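Listing of start.txt; format and content: compact mmCIF, C-alpha atoms and all ligand atoms.
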# COMPACT_ATOMS: atom_id res chain seq x y z
CA MET A 50 5.65 -6.80 -0.81
CA ALA A 51 6.51 -4.84 2.33
CA SER A 52 5.05 -1.36 2.58
CA GLY A 53 7.87 0.29 4.51
CA LYS A 54 8.83 3.93 4.24
CA SER A 55 12.36 5.02 3.46
CA GLN A 56 14.12 7.20 6.02
CA LEU A 57 17.02 7.56 3.58
CA PRO A 58 17.58 10.71 1.50
CA SER A 59 15.72 11.21 -1.75
CA ILE A 60 17.56 10.08 -4.88
CA TRP A 61 16.24 13.08 -6.89
CA LEU A 62 19.15 15.47 -7.27
CA ALA A 63 17.92 17.95 -9.83
CA GLU A 64 15.40 18.68 -12.57
CA PHE A 65 16.33 20.05 -15.96
CA THR A 66 13.99 21.44 -18.57
CA SER A 67 16.67 22.29 -21.17
CA LYS A 68 20.30 21.69 -22.10
CA ALA A 69 21.04 25.33 -21.24
CA GLU A 70 19.84 24.71 -17.69
CA PHE A 71 21.95 21.55 -17.46
CA ASP A 72 25.05 23.25 -18.88
CA ALA A 73 24.66 26.18 -16.47
CA LYS A 74 24.81 23.73 -13.57
CA ALA A 75 27.47 21.49 -15.11
CA SER A 76 30.48 23.43 -13.81
CA GLU A 77 29.15 23.49 -10.26
CA LEU A 78 28.23 19.82 -10.67
CA GLY A 79 31.74 19.01 -11.92
CA ALA A 80 33.52 18.76 -8.57
CA GLN A 81 30.53 16.94 -7.08
CA LEU A 82 30.65 14.36 -9.86
CA GLU A 83 34.21 13.61 -8.76
CA VAL A 84 32.87 12.83 -5.28
CA MET A 85 30.39 10.42 -6.83
CA ALA A 86 33.07 8.81 -8.98
CA ALA A 87 35.25 8.38 -5.86
CA ILE A 88 32.35 6.65 -4.06
CA ASP A 89 31.94 4.27 -7.05
CA ASP A 90 35.60 3.41 -7.03
CA ARG A 91 35.56 2.61 -3.29
CA MET A 92 32.59 0.30 -3.78
CA LEU A 93 34.24 -1.64 -6.59
CA MET A 94 36.30 -3.99 -4.47
CA SER A 95 36.11 -6.86 -6.92
CA ARG A 96 35.71 -7.45 -10.64
CA HIS A 97 33.44 -10.38 -9.83
CA PRO A 98 29.69 -9.88 -9.40
CA PHE A 99 28.91 -8.80 -5.85
CA ASP A 100 25.92 -7.71 -3.74
CA ILE A 101 25.22 -4.50 -1.88
CA LYS A 102 22.37 -3.77 0.53
CA ALA A 103 20.18 -0.89 -0.60
CA TRP A 104 16.63 0.45 -0.42
CA CYS A 105 14.37 -0.85 -3.20
CA ALA A 106 11.62 1.63 -4.10
CA ALA A 107 9.64 -1.19 -5.75
CA CYS A 108 9.87 -3.67 -2.83
CA LYS A 109 9.68 -0.84 -0.27
CA SER A 110 12.35 -2.54 1.80
CA VAL A 111 16.11 -3.01 1.99
CA THR A 112 17.19 -5.84 -0.29
CA ASP A 113 20.38 -7.33 -1.73
CA MET A 114 21.27 -5.86 -5.10
CA ARG A 115 23.64 -7.57 -7.48
CA ILE A 116 26.28 -5.60 -9.32
CA THR A 117 27.56 -7.30 -12.47
CA TRP A 118 30.05 -6.24 -15.15
CA HIS A 119 27.87 -6.68 -18.26
CA TYR A 120 28.41 -3.81 -20.72
CA CYS A 121 31.12 -2.33 -18.50
CA GLY A 122 33.02 0.72 -19.74
CA SER A 123 35.43 3.36 -18.52
CA ASN A 124 34.31 6.60 -16.93
CA PRO A 125 35.83 10.10 -17.35
CA THR A 126 38.32 9.42 -14.54
CA GLY A 127 39.59 6.34 -16.42
CA SER A 128 38.23 3.79 -13.97
CA VAL A 129 36.46 0.74 -15.40
CA HIS A 130 32.94 0.56 -14.00
CA PRO A 131 29.72 -1.42 -14.56
CA ALA A 132 26.96 -0.10 -16.82
CA TRP A 133 25.25 1.41 -13.79
CA THR A 134 21.79 1.98 -15.27
CA GLU A 135 21.63 -1.69 -16.33
CA THR A 136 22.90 -3.35 -13.18
CA CYS A 137 22.31 -3.38 -9.41
CA ALA A 138 19.25 -5.61 -9.87
CA CYS A 139 17.16 -6.18 -6.74
CA SER A 140 17.22 -9.84 -5.65
CA GLN A 141 13.52 -9.64 -4.72
CA CYS A 142 11.83 -7.88 -7.66
CA GLY A 143 14.56 -8.15 -10.29
CA LEU A 144 14.50 -4.47 -11.28
CA ASN A 145 17.80 -2.81 -12.22
CA SER A 146 18.84 0.73 -11.32
CA ARG A 147 16.98 2.63 -14.06
CA MET A 148 13.81 0.52 -13.60
CA ARG A 149 13.79 1.17 -9.85
CA ALA A 150 14.40 4.89 -10.48
CA LEU A 151 11.28 5.05 -12.66
CA ILE A 152 9.24 3.40 -9.88
CA ASP A 153 10.77 5.78 -7.31
CA LEU A 154 9.69 8.77 -9.43
CA LEU A 155 6.11 7.48 -9.60
CA VAL A 156 5.86 6.62 -5.92
CA SER A 157 7.92 9.26 -4.11
CA LYS A 158 8.09 12.22 -6.48
CA LEU A 159 4.82 12.21 -8.43
CA ASN A 160 2.87 10.51 -5.59
CA VAL A 161 0.77 8.58 -8.09
CA SER A 162 -2.37 7.17 -6.47
CA GLN A 163 -2.75 3.41 -6.14
CA THR A 164 -6.02 3.62 -8.11
CA ALA A 165 -4.45 5.43 -11.09
CA HIS A 166 -5.10 3.97 -14.53
CA VAL A 167 -1.69 2.98 -15.81
CA TYR A 168 -0.59 1.87 -19.26
CA ILE A 169 2.87 0.32 -19.46
CA ALA A 170 4.36 -0.48 -22.86
CA GLU A 171 5.62 -3.91 -21.77
CA GLN A 172 3.90 -7.00 -20.45
CA THR A 173 6.32 -9.92 -20.31
CA THR A 174 8.86 -8.25 -17.99
CA VAL A 175 9.69 -7.98 -14.30
CA SER A 176 8.76 -4.27 -14.42
CA PHE A 177 5.24 -5.15 -15.55
CA LYS A 178 4.79 -7.40 -12.49
CA VAL A 179 6.04 -4.67 -10.15
CA VAL A 180 3.74 -2.03 -11.68
CA GLN A 181 0.82 -4.46 -11.44
CA ASN A 182 1.57 -4.93 -7.73
CA LEU A 183 1.78 -1.18 -7.07
CA PHE A 184 -1.33 -0.03 -8.96
CA GLU A 185 -4.82 -1.47 -9.22
CA ASN A 186 -5.61 -0.63 -12.84
CA VAL A 187 -2.75 -1.62 -15.11
CA ILE A 188 -2.75 -2.53 -18.79
CA GLY A 189 0.44 -3.75 -20.44
CA SER A 190 1.30 -4.61 -24.02
CA GLU A 191 4.14 -5.72 -26.26
CA TYR A 192 4.83 -5.10 -29.93
CA LEU A 193 4.38 -8.66 -31.24
CA GLY A 194 4.99 -8.04 -34.95
CA PRO A 195 3.23 -6.87 -38.11
CA GLY A 196 0.99 -9.98 -38.30
CA TYR A 197 -1.17 -8.96 -35.32
CA LYS A 198 -4.15 -6.61 -35.02
CA LEU A 199 -3.77 -3.56 -32.78
CA GLY A 200 -5.30 -4.31 -29.39
CA GLU A 201 -5.40 -8.06 -30.12
CA VAL A 202 -4.81 -10.24 -27.05
CA VAL A 203 -2.78 -13.35 -27.87
CA ALA A 204 -3.58 -16.28 -25.54
CA ASP A 205 -0.08 -17.76 -25.70
CA PHE A 206 2.91 -15.80 -26.98
CA ASN A 207 6.17 -17.70 -26.46
CA GLY A 208 4.81 -19.06 -23.19
CA HIS A 209 3.42 -15.69 -22.00
CA VAL A 210 -0.32 -15.69 -21.36
CA ASN A 211 -2.79 -13.12 -22.80
CA VAL A 212 -0.29 -10.73 -24.29
CA ARG A 213 -1.79 -7.60 -25.84
CA HIS A 214 -0.34 -6.33 -29.11
CA GLU A 215 0.11 -2.56 -29.47
CA ASP A 216 2.18 -0.31 -31.69
CA LEU A 217 3.21 2.79 -29.71
CA SER A 218 3.04 4.96 -32.81
CA ARG A 219 -0.67 4.09 -33.39
CA LEU A 220 -2.28 2.86 -30.20
CA SER A 221 -5.73 1.23 -30.20
CA PHE A 222 -6.87 2.94 -26.96
CA ALA A 223 -9.54 5.67 -26.86
CA ASP A 224 -8.60 9.29 -26.06
CA SER A 225 -7.95 10.43 -22.45
CA VAL A 226 -8.25 7.09 -20.65
CA PHE A 227 -5.00 6.84 -18.65
CA ASP A 228 -3.49 8.77 -15.74
CA ILE A 229 0.00 7.40 -16.38
CA VAL A 230 1.80 6.09 -19.46
CA LEU A 231 5.09 4.27 -18.84
CA SER A 232 7.78 3.23 -21.24
CA GLN A 233 11.32 1.99 -20.59
CA ASP A 234 14.01 2.08 -23.24
CA VAL A 235 11.53 1.62 -26.09
CA PHE A 236 11.26 5.00 -27.90
CA GLU A 237 14.76 4.68 -29.35
CA HIS A 238 13.57 1.61 -31.27
CA ILE A 239 10.65 3.37 -32.99
CA PRO A 240 11.49 5.37 -36.12
CA GLU A 241 8.24 7.39 -35.84
CA TYR A 242 9.03 8.37 -32.25
CA LEU A 243 7.26 11.73 -32.66
CA ASN A 244 4.02 9.79 -33.23
CA THR A 245 4.63 7.81 -30.05
CA PHE A 246 4.72 11.09 -28.11
CA SER A 247 1.49 12.42 -29.67
CA GLU A 248 -0.18 9.03 -29.19
CA SER A 249 0.90 8.98 -25.52
CA ALA A 250 -0.56 12.50 -25.13
CA ARG A 251 -3.80 11.43 -26.82
CA ILE A 252 -4.50 8.47 -24.51
CA LEU A 253 -3.60 10.44 -21.33
CA LYS A 254 -6.17 12.40 -19.36
CA ARG A 255 -5.48 16.14 -18.97
CA GLY A 256 -2.77 16.46 -16.32
CA GLY A 257 -1.82 12.79 -16.71
CA SER A 258 1.86 11.94 -16.93
CA LEU A 259 4.15 10.25 -19.40
CA VAL A 260 7.12 8.81 -17.50
CA PHE A 261 9.91 7.05 -19.37
CA THR A 262 13.56 6.17 -19.72
CA VAL A 263 15.65 6.18 -22.89
CA PRO A 264 19.37 6.04 -23.49
CA PHE A 265 19.83 9.82 -23.10
CA PHE A 266 22.88 11.67 -24.43
CA TYR A 267 23.01 14.65 -22.06
CA ASP A 268 25.98 16.12 -23.97
CA GLN A 269 23.95 16.29 -27.20
CA ALA A 270 21.60 19.19 -27.98
CA GLU A 271 20.06 17.31 -30.88
CA THR A 272 18.82 13.77 -31.31
CA ARG A 273 21.12 11.76 -33.58
CA ILE A 274 19.19 9.71 -36.12
CA ARG A 275 20.94 6.36 -36.67
CA ALA A 276 18.46 4.78 -39.09
CA THR A 277 15.15 5.49 -40.84
CA VAL A 278 12.51 3.45 -42.63
CA ASP A 279 11.82 4.35 -46.28
CA ALA A 280 8.46 4.39 -48.13
CA GLN A 281 8.91 0.71 -49.05
CA GLY A 282 9.36 -0.19 -45.39
CA SER A 283 13.08 -0.98 -45.63
CA VAL A 284 15.50 0.18 -42.98
CA GLN A 285 18.07 2.72 -44.19
CA HIS A 286 21.15 2.92 -41.99
CA ILE A 287 22.75 6.32 -41.52
CA LEU A 288 25.16 5.22 -38.78
CA PRO A 289 26.47 1.73 -37.96
CA PRO A 290 23.57 -0.40 -36.66
CA GLU A 291 23.25 -0.60 -32.87
CA PHE A 292 21.15 -3.43 -31.38
CA HIS A 293 19.71 -3.68 -27.85
CA GLY A 294 18.17 -6.65 -26.02
CA ASN A 295 14.46 -7.31 -26.63
CA PRO A 296 12.29 -9.38 -24.20
CA VAL A 297 10.11 -10.84 -26.97
CA SER A 298 12.80 -11.55 -29.57
CA ASN A 299 16.25 -13.10 -29.53
CA GLU A 300 17.40 -10.97 -32.46
CA GLY A 301 17.56 -7.74 -30.47
CA SER A 302 16.06 -4.41 -31.49
CA LEU A 303 17.63 -1.87 -33.80
CA CYS A 304 18.23 1.53 -32.21
CA PHE A 305 16.89 4.21 -34.60
CA GLN A 306 18.00 7.28 -32.63
CA ASN A 307 20.17 8.49 -29.75
CA PHE A 308 18.14 11.10 -27.91
CA GLY A 309 19.51 14.54 -27.02
CA TRP A 310 17.92 17.47 -25.19
CA ASP A 311 15.59 18.32 -28.10
CA ILE A 312 13.51 15.36 -26.86
CA LEU A 313 11.99 17.88 -24.41
CA ASP A 314 10.95 20.18 -27.30
CA ALA A 315 9.47 17.18 -29.13
CA LEU A 316 7.36 16.39 -26.04
CA ARG A 317 6.18 20.02 -25.81
CA ASN A 318 5.20 19.94 -29.50
CA ALA A 319 3.30 16.69 -28.92
CA GLY A 320 0.98 18.32 -26.33
CA PHE A 321 2.91 18.00 -23.07
CA LYS A 322 3.81 20.64 -20.51
CA GLN A 323 6.79 20.67 -18.12
CA PRO A 324 8.87 18.06 -19.96
CA THR A 325 11.66 17.37 -17.48
CA ALA A 326 14.85 15.33 -17.20
CA ASN A 327 14.83 14.17 -13.55
CA MET A 328 18.37 13.41 -12.40
CA TYR A 329 18.92 10.70 -9.78
CA TRP A 330 21.78 9.24 -7.79
CA GLY A 331 22.06 7.49 -4.42
CA PRO A 332 24.10 4.40 -3.45
CA TRP A 333 21.75 3.86 -0.47
CA ALA A 334 19.06 3.05 -3.05
CA GLY A 335 21.31 1.21 -5.48
CA HIS A 336 21.85 4.13 -7.88
CA ILE A 337 25.58 4.46 -8.41
CA GLY A 338 27.84 5.91 -11.10
CA PHE A 339 27.19 8.99 -13.18
CA PRO A 340 23.77 10.37 -12.20
CA PHE A 341 21.17 9.41 -14.78
CA PHE A 342 17.70 10.56 -15.81
CA VAL A 343 14.05 9.58 -15.79
CA MET A 344 11.95 11.74 -18.14
CA SER A 345 8.53 13.04 -17.22
CA ALA A 346 5.96 15.25 -18.94
CA HIS A 347 2.36 16.14 -18.18
CA ARG A 348 -0.52 16.26 -20.63
CA ALA A 349 -1.36 19.93 -21.23
ZN ZN B 1 13.05 -4.83 -5.31

Mind converting the file's structure to structure tokens?
Ligand SMILES: [Zn+2]
Amino acid sequence: MASGKSQLPSIWLAEFTSKAEFDAKASELGAQLEVMAAIDDRMLMSRHPFDIKAWCAACKSVTDMRITWHYCGSNPTGSVHPAWTETCACSQCGLNSRMRALIDLLVSKLNVSQTAHVYIAEQTTVSFKVVQNLFENVIGSEYLGPGYKLGEVVADFNGHVNVRHEDLSRLSFADSVFDIVLSQDVFEHIPEYLNTFSESARILKRGGSLVFTVPFFYDQAETRIRATVDAQGSVQHILPPEFHGNPVSNEGSLCFQNFGWDILDALRNAGFKQPTANMYWGPWAGHIGFPFFVMSAHRA
């Protein structure tokens, strides 16, 4: 990969540590969001897939990024737009907008050292390859199913070589071994998500960082529980089931909760300081649409 430096503006617009802080800025943000929506609309010349040139934080160069209409919806101004977090995939590394934003946060905002010990809760994905290229000490894993031992490395899993099995709510790693723990759109699929936060804190060194994305409902103070698992291990649905794509299964993964701002309190209670919703936007780096968030928190 190229090791260029971006001369373009930073994509990091704001940091929020609570809903109150976000709401206080929302009115002032309001008119500016209309500017962003207008930029989106001007870019959407066609309802066919199309490419834009933008800076890729993972490839450290300008690449072609493909905008598709999968999961499209309408925005507050009534215009139909792509699911911006899920599209604008880089033609070189394959990462979509939210995946590139997470990399951008690590590289340009947290200035994570190349020698950092990184755990990423995925191993069969394009993001894993990118993280492995950026950092020297990377361990990945997937949740392979209840038939595997924690920490077990499976030589061949559906054609993927040496895949490590981990359960984020009870990790097999020792205490304080990682500088960075990464997770992308996984916590919403784990009913014991509070355990995943305390487990992430446990395996991080003091001052180490948990950096993650989740579908985040910035208009919700409280996390909405969609489903739970009872004592017998059966799923109890509270709201209509919502399934998301899963790289190691064709069935998709059930979404157990839609996170609201109390996710930051949950992180604080799990042993983190400065839990923050980092808001990003920047068409020059392939981040278009309503500004979205990468979460970060540091081990206290
Ligand atoms: Zn790229």

Problem - Residues within 10 Å of ligand ZN 1 (chain B), counting all atoms listed in the file, as an MDAnalysis selection string - result: chainID A and resid 50 103:114 138:145 148:149 179

Completion exercise
If you count only C-alpha atoms, the residue of A:His238, A:Ala326, A:Ile287, A:Glu83 closest to A:Gly301 turns out to be A:His238

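With distances restricted to only C-alpha atoms, A:Phe305 is the closest residue to A:Arg273 from A:Phe305, A:Phe99, A:Tyr120, A:Tyr242.
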
Problem - Close residues, A:Val161 itself excluded, 9 Å, all atoms listed in the file, min 4 positions apart in chain, as a list of chain:residue names - result: A:Leu155, A:Val156, A:Ser157, A:Ala165, A:Phe184, A:Asp228, A:Ile229

Exercise for the section: Have a look at atom CA of A:Gly331 and atom CA of A:Lys74 and let me know their distance in Å, one decimal. Expected result: 18.8 Å

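For the choices A:Asn299, A:Gln269, A:Thr136, A:Ser345, the atom-to-atom distance to A:Ala69 is smallest for A:Gln269 when using only C-alpha atoms.
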
Completion exercise
Between A:Ser146, A:Glu215, A:Ser232, A:Leu57, smallest distance to A:Leu259 by all atoms listed in the file belongs to A:Ser232

Handout entry: Straight-line distance linking atom CA of A:Arg275 with atom CA of A:Pro289, stated in Å to one decimal
Key = 7.3 Å

Problem - Contact residues around A:Gly257 with all atoms listed in the file at 10 Å, ignoring same-chain residues under 4 positions, as number ranges by chain - result: A: 161, 165-167, 225-230, 249-250, 252-253, 321, 346-349

Practice task
Give the answer as one residue: which of A:Phe246, A:His130, A:Thr272, A:Phe177 has the shortest atom-to-atom distance to A:Arg91, using all atoms listed in the file?
Solution key: A:His130

Exercise for the section: List the residues sitting within 12 Å of (10.2, -0.6, -42.9) in the file's frame, using only C-alpha atoms, as a list in words. Expected result: Pro195, Ile239, Pro240, Glu241, Ala276, Thr277, Val278, Asp279, Ala280, Gln281, Gly282, Ser283, Val284, Gln285, His286, Leu303 and Phe305 of chain A

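With only C-alpha atoms as the atoms that count, the residue of A:Pro290, A:Gly122, A:Gly320, A:Pro340 with the shortest distance to A:Tyr267 is A:Pro340.
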
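Atom CA of A:Leu93 sits 26.2 Å away from atom CA of A:Asp268.
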
Practice task
Name all residues at most 8 Å from A:Asp234 (count all atoms listed in the file; drop same-chain ones fewer than 2 positions away) and give them as a PyMOL selection string.
Solution key: chain A and resi 232+236-237+261-264

Practice task
With a distance cut-off of 10 Å and only C-alpha atoms, select the neighbouring residues of A:Arg213, excluding the residue or stretch itself and same-chain residues fewer than 3 positions from it, and output the selection as a list in words.
Solution key: Ala170, Glu171, Gln172, Ile188, Gly189, Ser190, Glu191, Tyr192, Leu193, Tyr197, Lys198, Leu199, Gly200, Glu201, Val202, Val203, Ala204, Phe206 and Val210 of chain A

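Within 7 Å of A:Phe265, once only C-alpha atoms are used and residues closer than 3 positions along the same chain are dropped, the contacting residues are A:Asn307, A:Phe308, A:Gly309.
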